[in-house]
Number of protein chains: 4
Amino acid sequence: MVGCVIEGVPPNLSIDIAEIQVDLSRRAPGQSKVTTDRKETDTLVIETGIFNGKTTGQPIVAFVRNRDIDSSYYDEIKATPRPGHADYPAQIKYGGAQDYRGGGSFSGRMTIGLVIAGSIAKQILATKGIQVNAYTSEIAGISSPQDSFEYVYQNVVRVASPKNEQEIITRIQKAKADGDSVGGVVSCQISGLPVGVGEPIFGSIEGRIALVMFGVPATKGVEFGSGFAAARMMGSQHNDEYYKDGDRVLTRTNNSGGILGGLSNGMPVEFRVAFKPTSSISKKQRTVNMTSGDETELKVRGRHDPCIVPRAVVVVECATAMVILDLMLCGDFLVRI
Amino acid sequence: MVGCVIEGVPPNLSIDIAEIQVDLSRRAPGQSKVTTDRKETDTLVIETGIFNGKTTGQPIVAFVRNRDIDSSYYDEIKATPRPGHADYPAQIKYGGAQDYRGGGSFSGRMTIGLVIAGSIAKQILATKGIQVNAYTSEIAGISSPQDSFEYVYQNVVRVASPKNEQEIITRIQKAKADGDSVGGVVSCQISGLPVGVGEPIFGSIEGRIALVMFGVPATKGVEFGSGFAAARMMGSQHNDEYYKDGDRVLTRTNNSGGILGGLSNGMPVEFRVAFKPTSSISKKQRTVNMTSGDETELKVRGRHDPCIVPRAVVVVECATAMVILDLMLCGDFLVRI
Amino acid sequence: MVGCVIEGVPPNLSIDIAEIQVDLSRRAPGQSKVTTDRKETDTLVIETGIFNGKTTGQPIVAFVRNRDIDSSYYDEIKATPRPGHADYPAQIKYGGAQDYRGGGSFSGRMTIGLVIAGSIAKQILATKGIQVNAYTSEIAGISSPQDSFEYVYQNVVRVASPKNEQEIITRIQKAKADGDSVGGVVSCQISGLPVGVGEPIFGSIEGRIALVMFGVPATKGVEFGSGFAAARMMGSQHNDEYYKDGDRVLTRTNNSGGILGGLSNGMPVEFRVAFKPTSSISKKQRTVNMTSGDETELKVRGRHDPCIVPRAVVVVECATAMVILDLMLCGDFLVRI
Amino acid sequence: MVGCVIEGVPPNLSIDIAEIQVDLSRRAPGQSKVTTDRKETDTLVIETGIFNGKTTGQPIVAFVRNRDIDSSYYDEIKATPRPGHADYPAQIKYGGAQDYRGGGSFSGRMTIGLVIAGSIAKQILATKGIQVNAYTSEIAGISSPQDSFEYVYQNVVRVASPKNEQEIITRIQKAKADGDSVGGVVSCQISGLPVGVGEPIFGSIEGRIALVMFGVPATKGVEFGSGFAAARMMGSQHNDEYYKDGDRVLTRTNNSGGILGGLSNGMPVEFRVAFKPTSSISKKQRTVNMTSGDETELKVRGRHDPCIVPRAVVVVECATAMVILDLMLCGDFLVRI
């Protein structure tokens with residue numbers, strides 16, 4: 001079982017459970033030629049908290065059942081930790097007691113809870129005119145612009161423009177054929193957010209989003225607005241000057257990424273998340289046999305994603321919605337995975 | 001008054017208060033030709049929790065007194081928000097009720113609390129053989145390597161090598177002469193951390209560090225190990241293979257930045273924080289008069305840091321120590337700023 | 001589904017799942033002639049966190065399935081709130097959106113989560129030599145002394161002595177025959193607790209235990225040691241004087257109930273919990289029809305417990321163990337129901 | 001320094017600082033012939049969070065300075081723990097590192113933080129029509145009825161009626177003359193609370209109030225509504241039947257103490273707190289010398305309160321307001337002492 005417990009959802013809000021299932025399917029493996037061939041059907045079960053299509057005000061308990069796991073495989077992992085995976089530190093930390101059924105705490109399956117909670121949050125935010133949209137902006141160094149959010153879930157690599165889509169697909173398929181993997185970047189935009197969401201210091205929008213993004217396996221970096229490029233800019237170039245657009249105070253540039261002092265400033269919130277190439281590759285790798293203490297070689301079994309980025313898009317989108325709703329409800333939207 | 005309340009510190013630990021004051025002085029303005037000319041003496045007051053040089057087990061309350069503030073200046077800011085500052089969203093959020101004495105919640109002075117708490121944490125971590133070292137790795141696009149942590153607080157720009165030190169100083173001084181500012185990158189390394197620190201999902205080392213780093217004003221991005229460069233690497237190139245070094249299991253490369261699945265893996269934890277150029281510049285900028293509703297021009301008053309990076313180094317270092325100690329004490333090292 | 005999510009349990013601890021089931025059965029209805037005739041089998045399901053009889057270090061998710069509910073009954077309750085139940089304020093608070101399947105958030109079934117979490121805590125505490133024992137000390141004004149903890153689960157009313165056992169049984173059966181109900185007092189003792197458990201102010205042993213006890217439906221009062229009787233004592237009579245017993249510092253009396261300043265002092269912790277008579281009685285009662293606004297009469301349907309105290313004993317015992325383990329793990333033993 | 005840090009107070013609320021000082025003075029020692037002769041002036045300092053008579057939305061930091069302490073006295077206490085005080089368990093827990101300046105963490109002075117936070121909460125609640133009133137209902141077994149809340153702070157023993165006032169005063173003075181002490185009961189009523197405040201299980205009004213009350217030194221019991229007397233009542237007698245009063249749904253009796261299922265039901269919330277007799281008495285008592293290990297005798301030095309109840313009334317009142325505001329703001333009104 002993998003899922004979430006959500007507290008603090010106000011009662012009497014309409015929730016379309018079919019939409020949550022749609023988001024879950026966007027995360028599920030086996031959807032297309034650029035993901036793993038391994039097919040899983042992640043079927044949502046909602047135990048409590050939503051009743052007759054409405055929130056009840058009680059905690060929402062929702063999950064999907066785990067697939068069967070070949071546990072002999074995990075015995076093998078215990079002995080010879082996979083490079084790039086959490087196997088080695090987890091083995092030391094938990095003394096071998098961890099439960100690998102379902103892939104364990106460090107599996108990408110743990111993001112199912114983020115998708116469920118965030119998909120619910122997206123529906124609640126939408127009623128307030130707030131939209132969260134993520135998309136693939138770069139894979140294996142090939143970038144694709146943001147032309148249309150509608151396009152994102154109409155293509156297998158989750159780009160927001162047909163530009164370079166085919167190159168990206170070809171590049172992933174080559175990595176797959178080589179038994180190797182590639183990384184990429186997911187970009188995300190929040191629009192319609194009122195001015196002043198967020199809190200100083202430990203409640204900044206950036207910090208709260210980053211906290212959750214780094215909980216998603218394979219994330220290596222998070223940047224907002226101008227991001228790392230800001231380090232090479234001048235202040236006179238970076239500061240976003242204010243102007244009036246009718247009654248609204250806006251900025252002409254958006255280097256701030258829609259956030260100042262941790263608070264939303266009325267411009268779209270924009271950030272980027274870097275994902276490393278999938279750790280599970282079928283090439284031979286060197287590791288250490290924990291039992292014998294000898295160095296050895298390992299070939300990771302199974303059918304793996306040659307690139308996790310397309311499946312990560314909906315995770316980034318939902319997790320972001322979850323964080324934003326939590327900040328808007330002043331930390332009352334508590335999610336446990 | 002700016003400071004912190006720290007709970008969960010075990011009793012009977014020796015704390016050298018003079019060392020905390022040293023760290024505070026490294027953050028204080030007016031230290032050198034590359035910071036603001038404005039001199040402030042941030043003198044530490046410890047009210048409770050440390051007694052006769054030892055922790056008492058009670059909450060530590062520690063702070064520095066605020067300097068006097070020309071409050072007429074802040075009335076001006078309320079009317080015409082400074083680009084790149086939190087003035088505008090804070091004004092909307094707090095309805096003008098915020099207290100600007102001392103610079104307010106969004107001032108860099110709020111990082112004083114992080115320095116005090118983190119300086120105490122550094123001392124406690126040192127007794128466990130854990131070292132945290134931050135340094136300037138890049139300013140205005142000019143990088144400097146990591147040769148020596150001892151060198152960091154012996155030079156005004158906090159680089160870890162004399163290489164490019166003079167170029168960086170010259171570049172900052174030019175920005176200052178132009179009434180402009182530059183950004184940069186602070187790198188940080190944690191060594192001596194045992195394997196297995198951190199928790200899955202919301203307790204990852206990366207997430208907890210990023211949460212706090214984004215609470216430091218001017219931060220635009222945080223990346224661990226290979227960071228954003230990982231997005232362009234192949235899995236076979238990125239995975240850090242294991243080998244034995246005597247009894248220890250190590251990796252030859254450290255693209256993971258010492259963290260797998262949110263847990264420390266025994267290699268040094270390494271990350272980078274991007275800082276934007278200081279928002280306060282003396283060049284004329286366009287803004288909006290919030291009272292009249294008209295667009296107008298603003299020249300930010302006062303003597304400002306042409307680059308915040310040298311002063312941010314000790315903040316990154318201390319804040320990191322604070323997060324790590326909190327994770328090692330399972331979240332009991334609670335800090336309020 | 002009713003159950004709990006427990007975080008912060010260390011890995012590799014042996015847990016006997018059969019013992020948890022024993023505690024659940026002690027809470028279950030239909031066990032004897034003094035409880036409701038309604039039989040339920042609360043069968044424990046442990047989804048994650050315990051594997052091969054050992055804790056894994058991951059969150060423990062455990063629950064029992066709900067029985068089928070006659071939902072037409074709850075439509076009736078919505079219209080005419082039962083005196084002494086949460087129906088009326090819950091209806092106002094949740095706007096009628098609450099989910100009554102399984103009895104809802106205010107049902108005594110919610111204590112199942114406390115029993116599961118606390119039963120696990122009892123097993124962990126026992127390995128540290130700490131015992132928690134609750135028993136019925138009074139029902140309907142008839143008291144029974146504490147002679148033997150072994151006797152508690154060998155009799156249907158959960159007294160710790162055969163003294164007055166039969167009188168109590170007769171009294172409950174009479175209430176049942178009359179369609180009425182009676183209240184009582186559960187006493188609890190914690191032995192083997194080391195000196196110094198607890199924290200000042202918001203982390204006192206008394207406060208943390210009371211917080212949870214008042215979450216158990218029907219609790220009206222909680223007192224420690226001398227309790228309300230202390231209000232009529234002199235200081236010279238109430239203070240527990242210290243003496244030496246071998247190497248141990250003990251007190252001759254235990255008016256403190258084993259707690260001073262919120263901390264355990266090495267004497268047994270002792271407290272009492274007052275339970276009101278069960279609200280569900282079959283006698284006719286006056287209420288208000290929420291739809292029509294008219295005053296009306298109500299006869300609560302179903303087979304109810306004439307006295308909740310015998311079933312509450314194991315709840316008090318387990319909930320106490322849960323609180324104590326949480327305090328000993330410094331708040332890391334987090335339980336969500 | 002003793003005080004509090006309060007987070008989550010909305011901006012722009014008017015706060016009368018003089019009223020907080022009034023409440024502090026009601027708690028201060030040396031006010032009358034029934035308290036200690038030791039006079040202290042607890043002068044309020046508000047460092048941040050209230051500016052120009054309004055809340056700023058930032059954390060409120062407020063405190064009073066400590067009096068000078070004769071520390072040789074506390075060295076004595078370390079050696080020979082006082083019966084009824086936290087000296088012994090605190091000594092074991094903190095290994096002698098605790099800071100006794102100001103009386104330490106277990107001193108009644110820690111309640112100053114509750115008074116400050118609660119006095120602010122009372123002002124905010126009053127704007128919503130919610131009143132919190134505490135009073136002495138019993139001292140040394142002599143009870144006094146609730147006739148008038150106005151009368152409470154007009155008499156030295158804080159009774160709500162002149163009935164038995166003189167007897168109570170005489171009884172306290174006799175205890176004082178004998179070097180002894182007496183206990184009592186503080187009652188508290190919350191009126192004007194809307195229906196539905198509180199949360200099931202760990203967020204019940206009763207549990208949250210009890211958690212804080214047991215943090216007040218000398219508290220031995222807390223009961224709501226019918227309290228311990230409920231244990232001897234029949235369900236048909238205890239259940240509060242509903243009726244209509246105009247548009248409002250009320251109950252004729254209030255055995256529930258205004259709370260059902262942890263939620264307010266629209267009736268006044270009523271509870272009672274039992275206080276033990278003051279532990280500090282000048283009579284000779286037996287204790288153990290912790291250094292030598294021998295049993296010995298102790299006469300507690302200083303001028304002590306012969307009864308803490310009159311000074312506890314304002315603490316109960318303020319602490320209750322603090323809890324209620326926290327529940328109404330969904331846990332955002334965070335107070336650290």
# chains A, B, ... in the order shown; residues from 1 in each chain; ligands from 1

$ interface_residues --of "chain B" --to "chain A" --cutoff "6 Å" --atoms "only C-alpha atoms" --output "ChimeraX atom specification"
/B:83-84,86,89,93,106,140-141,180-184,195-196,201-202,206-208,211,214-215,220-224,227-228,230-232,234-235,239-243,260-261,265,274-279,286-288

$ residues_around --residues "Ala321 of chain C" --least-positions-apart "6" --cutoff "8 Å" --atoms "only C-alpha atoms" --output "list in words"
Gly118, Ser119, Ala121, Lys122, Leu125 and Val132 of chain C

$ atom_distance --atom1 "atom CA of Pro268 of chain B" --atom2 "atom CA of Asp305 of chain A"
28.6 Å

$ closest_residue --among "D:Gly30, D:Gly258, D:Ala177, D:Val61" --to "Ala117 of chain D" --atoms "only C-alpha atoms"
D:Val61

$ residues_around --residues "Gly331 of chain A" --least-positions-apart "6" --cutoff "12 Å" --atoms "only C-alpha atoms" --output "PyMOL selection string"
(chain A and resi 6-9+197-199+202-203+208+322-325) or (chain D and resi 8+329-333)

$ select_by_dssp --residues "segment 139-294 of chain A" --states "helix (DSSP H, G or I)" --output "MDAnalysis selection string"
chainID A and resid 152:154 165:177 201:203 205:213 227:232 235:238

$ write_last_selection --atoms "N, CA, C and O atoms" --output "short mmCIF file (atom, residue, chain, number, x, y, z; two decimals), in the first residue's frame"
data_model
loop_
_atom_site.label_atom_id
_atom_site.label_comp_id
_atom_site.auth_asym_id
_atom_site.auth_seq_id
_atom_site.Cartn_x
_atom_site.Cartn_y
_atom_site.Cartn_z
N VAL A 152 0.93 19.37 -23.04
CA VAL A 152 1.82 18.59 -22.17
C VAL A 152 1.42 17.13 -22.05
O VAL A 152 2.23 16.22 -22.24
N TYR A 153 0.14 16.88 -21.75
CA TYR A 153 -0.27 15.49 -21.55
C TYR A 153 -0.78 14.84 -22.84
O TYR A 153 -1.34 13.76 -22.82
N GLN A 154 -0.55 15.55 -23.95
CA GLN A 154 -0.88 14.97 -25.26
C GLN A 154 0.34 14.35 -25.92
O GLN A 154 0.25 13.81 -27.02
N GLU A 165 10.48 17.85 -29.82
CA GLU A 165 9.84 16.69 -29.22
C GLU A 165 10.42 15.38 -29.79
O GLU A 165 10.78 14.48 -29.04
N GLN A 166 10.51 15.32 -31.12
CA GLN A 166 10.98 14.09 -31.74
C GLN A 166 12.45 13.80 -31.40
O GLN A 166 12.82 12.65 -31.15
N GLU A 167 13.25 14.88 -31.35
CA GLU A 167 14.67 14.70 -30.99
C GLU A 167 14.77 14.10 -29.59
O GLU A 167 15.59 13.23 -29.33
N ILE A 168 13.95 14.61 -28.71
CA ILE A 168 13.99 14.13 -27.32
C ILE A 168 13.59 12.65 -27.26
O ILE A 168 14.25 11.83 -26.62
N ILE A 169 12.52 12.31 -27.98
CA ILE A 169 12.07 10.91 -28.00
C ILE A 169 13.18 10.01 -28.53
O ILE A 169 13.50 8.96 -27.93
N THR A 170 13.77 10.41 -29.61
CA THR A 170 14.84 9.62 -30.22
C THR A 170 16.01 9.44 -29.25
O THR A 170 16.56 8.35 -29.10
N ARG A 171 16.33 10.50 -28.57
CA ARG A 171 17.44 10.48 -27.63
C ARG A 171 17.17 9.52 -26.47
O ARG A 171 18.06 8.78 -26.03
N ILE A 172 15.95 9.52 -25.97
CA ILE A 172 15.61 8.61 -24.88
C ILE A 172 15.65 7.17 -25.38
O ILE A 172 16.17 6.28 -24.69
N GLN A 173 15.12 6.96 -26.58
CA GLN A 173 15.09 5.58 -27.09
C GLN A 173 16.49 5.05 -27.33
O GLN A 173 16.76 3.87 -27.14
N LYS A 174 17.40 5.93 -27.74
CA LYS A 174 18.79 5.50 -27.91
C LYS A 174 19.39 5.08 -26.55
O LYS A 174 20.05 4.05 -26.44
N ALA A 175 19.14 5.89 -25.52
CA ALA A 175 19.64 5.54 -24.19
C ALA A 175 19.10 4.19 -23.76
O ALA A 175 19.82 3.34 -23.23
N LYS A 176 17.83 3.96 -24.05
CA LYS A 176 17.18 2.69 -23.70
C LYS A 176 17.85 1.52 -24.43
O LYS A 176 18.17 0.49 -23.82
N ALA A 177 18.07 1.71 -25.70
CA ALA A 177 18.70 0.66 -26.51
C ALA A 177 20.11 0.37 -25.99
O ALA A 177 20.57 -0.78 -26.01
N ILE A 201 11.26 33.50 6.41
CA ILE A 201 12.21 32.50 6.96
C ILE A 201 11.80 31.06 6.61
O ILE A 201 11.97 30.67 5.47
N PHE A 202 11.21 30.32 7.52
CA PHE A 202 10.99 28.89 7.28
C PHE A 202 9.71 28.59 6.50
O PHE A 202 9.39 27.44 6.26
N GLY A 203 8.98 29.63 6.13
CA GLY A 203 7.73 29.41 5.40
C GLY A 203 7.75 30.02 4.01
O GLY A 203 6.69 30.26 3.42
N ILE A 205 7.81 30.43 0.05
CA ILE A 205 7.29 29.58 -1.03
C ILE A 205 8.42 28.73 -1.61
O ILE A 205 8.26 27.53 -1.82
N GLU A 206 9.57 29.36 -1.85
CA GLU A 206 10.69 28.62 -2.45
C GLU A 206 11.12 27.46 -1.56
O GLU A 206 11.32 26.34 -2.01
N GLY A 207 11.26 27.74 -0.24
CA GLY A 207 11.75 26.72 0.68
C GLY A 207 10.79 25.56 0.80
O GLY A 207 11.19 24.39 0.79
N ARG A 208 9.50 25.88 0.87
CA ARG A 208 8.50 24.82 1.03
C ARG A 208 8.40 23.96 -0.23
O ARG A 208 8.24 22.74 -0.15
N ILE A 209 8.49 24.60 -1.39
CA ILE A 209 8.46 23.82 -2.62
C ILE A 209 9.73 22.97 -2.72
O ILE A 209 9.67 21.76 -3.02
N ALA A 210 10.89 23.56 -2.42
CA ALA A 210 12.15 22.82 -2.53
C ALA A 210 12.17 21.63 -1.57
O ALA A 210 12.65 20.55 -1.91
N LEU A 211 11.65 21.84 -0.36
CA LEU A 211 11.61 20.74 0.63
C LEU A 211 10.95 19.51 0.03
O LEU A 211 11.44 18.38 0.18
N VAL A 212 9.84 19.73 -0.65
CA VAL A 212 9.10 18.60 -1.22
C VAL A 212 9.76 18.08 -2.49
O VAL A 212 9.85 16.87 -2.70
N MET A 213 10.27 18.98 -3.32
CA MET A 213 10.90 18.54 -4.57
C MET A 213 12.09 17.63 -4.29
O MET A 213 12.32 16.65 -4.99
N GLY A 227 17.21 31.98 -11.15
CA GLY A 227 17.96 30.83 -10.63
C GLY A 227 19.45 31.03 -10.60
O GLY A 227 19.94 32.10 -10.23
N PHE A 228 20.18 29.98 -11.00
CA PHE A 228 21.65 30.06 -10.95
C PHE A 228 22.19 31.14 -11.87
O PHE A 228 23.26 31.70 -11.63
N ALA A 229 21.45 31.48 -12.92
CA ALA A 229 21.89 32.54 -13.83
C ALA A 229 21.97 33.89 -13.10
O ALA A 229 22.74 34.77 -13.49
N ALA A 230 21.19 34.04 -12.04
CA ALA A 230 21.19 35.29 -11.27
C ALA A 230 22.58 35.61 -10.71
O ALA A 230 22.95 36.78 -10.55
N ALA A 231 23.33 34.56 -10.43
CA ALA A 231 24.66 34.74 -9.84
C ALA A 231 25.60 35.51 -10.77
O ALA A 231 26.61 36.03 -10.35
N ARG A 232 25.23 35.58 -12.07
CA ARG A 232 26.10 36.26 -13.04
C ARG A 232 25.48 37.56 -13.55
O ARG A 232 25.98 38.16 -14.50
N GLY A 235 22.71 43.84 -10.44
CA GLY A 235 21.47 44.21 -9.75
C GLY A 235 20.55 45.03 -10.63
O GLY A 235 19.33 44.83 -10.65
N SER A 236 21.12 45.95 -11.40
CA SER A 236 20.31 46.85 -12.23
C SER A 236 19.59 46.07 -13.34
O SER A 236 18.59 46.53 -13.88
N GLN A 237 20.16 44.92 -13.65
CA GLN A 237 19.60 44.07 -14.70
C GLN A 237 18.60 43.06 -14.10
O GLN A 237 17.60 42.70 -14.72
N HIS A 238 18.85 42.65 -12.88
CA HIS A 238 18.06 41.60 -12.26
C HIS A 238 16.77 42.12 -11.63
O HIS A 238 15.72 41.49 -11.71
#

$ select_by_dssp --residues "segment 64-252 of chain A" --states "strand (DSSP E or B)" --output "PyMOL selection string"
chain A and resi 64+131-139+142-143+159+182+184-191+219-224+234+242-245+248-251

$ residues_around --residues "Pro29 of chain D" --least-positions-apart "6" --cutoff "10 Å" --atoms "only C-alpha atoms" --output "ChimeraX atom specification"
/D:35-42,109,304-305,308,311

$ atom_distance --atom1 "atom CA of Gly3 of chain A" --atom2 "atom CA of Ile46 of chain A"
9.6 Å

$ atom_distance --atom1 "atom CA of Pro310 of chain B" --atom2 "atom CA of Val157 of chain B"
4.8 Å
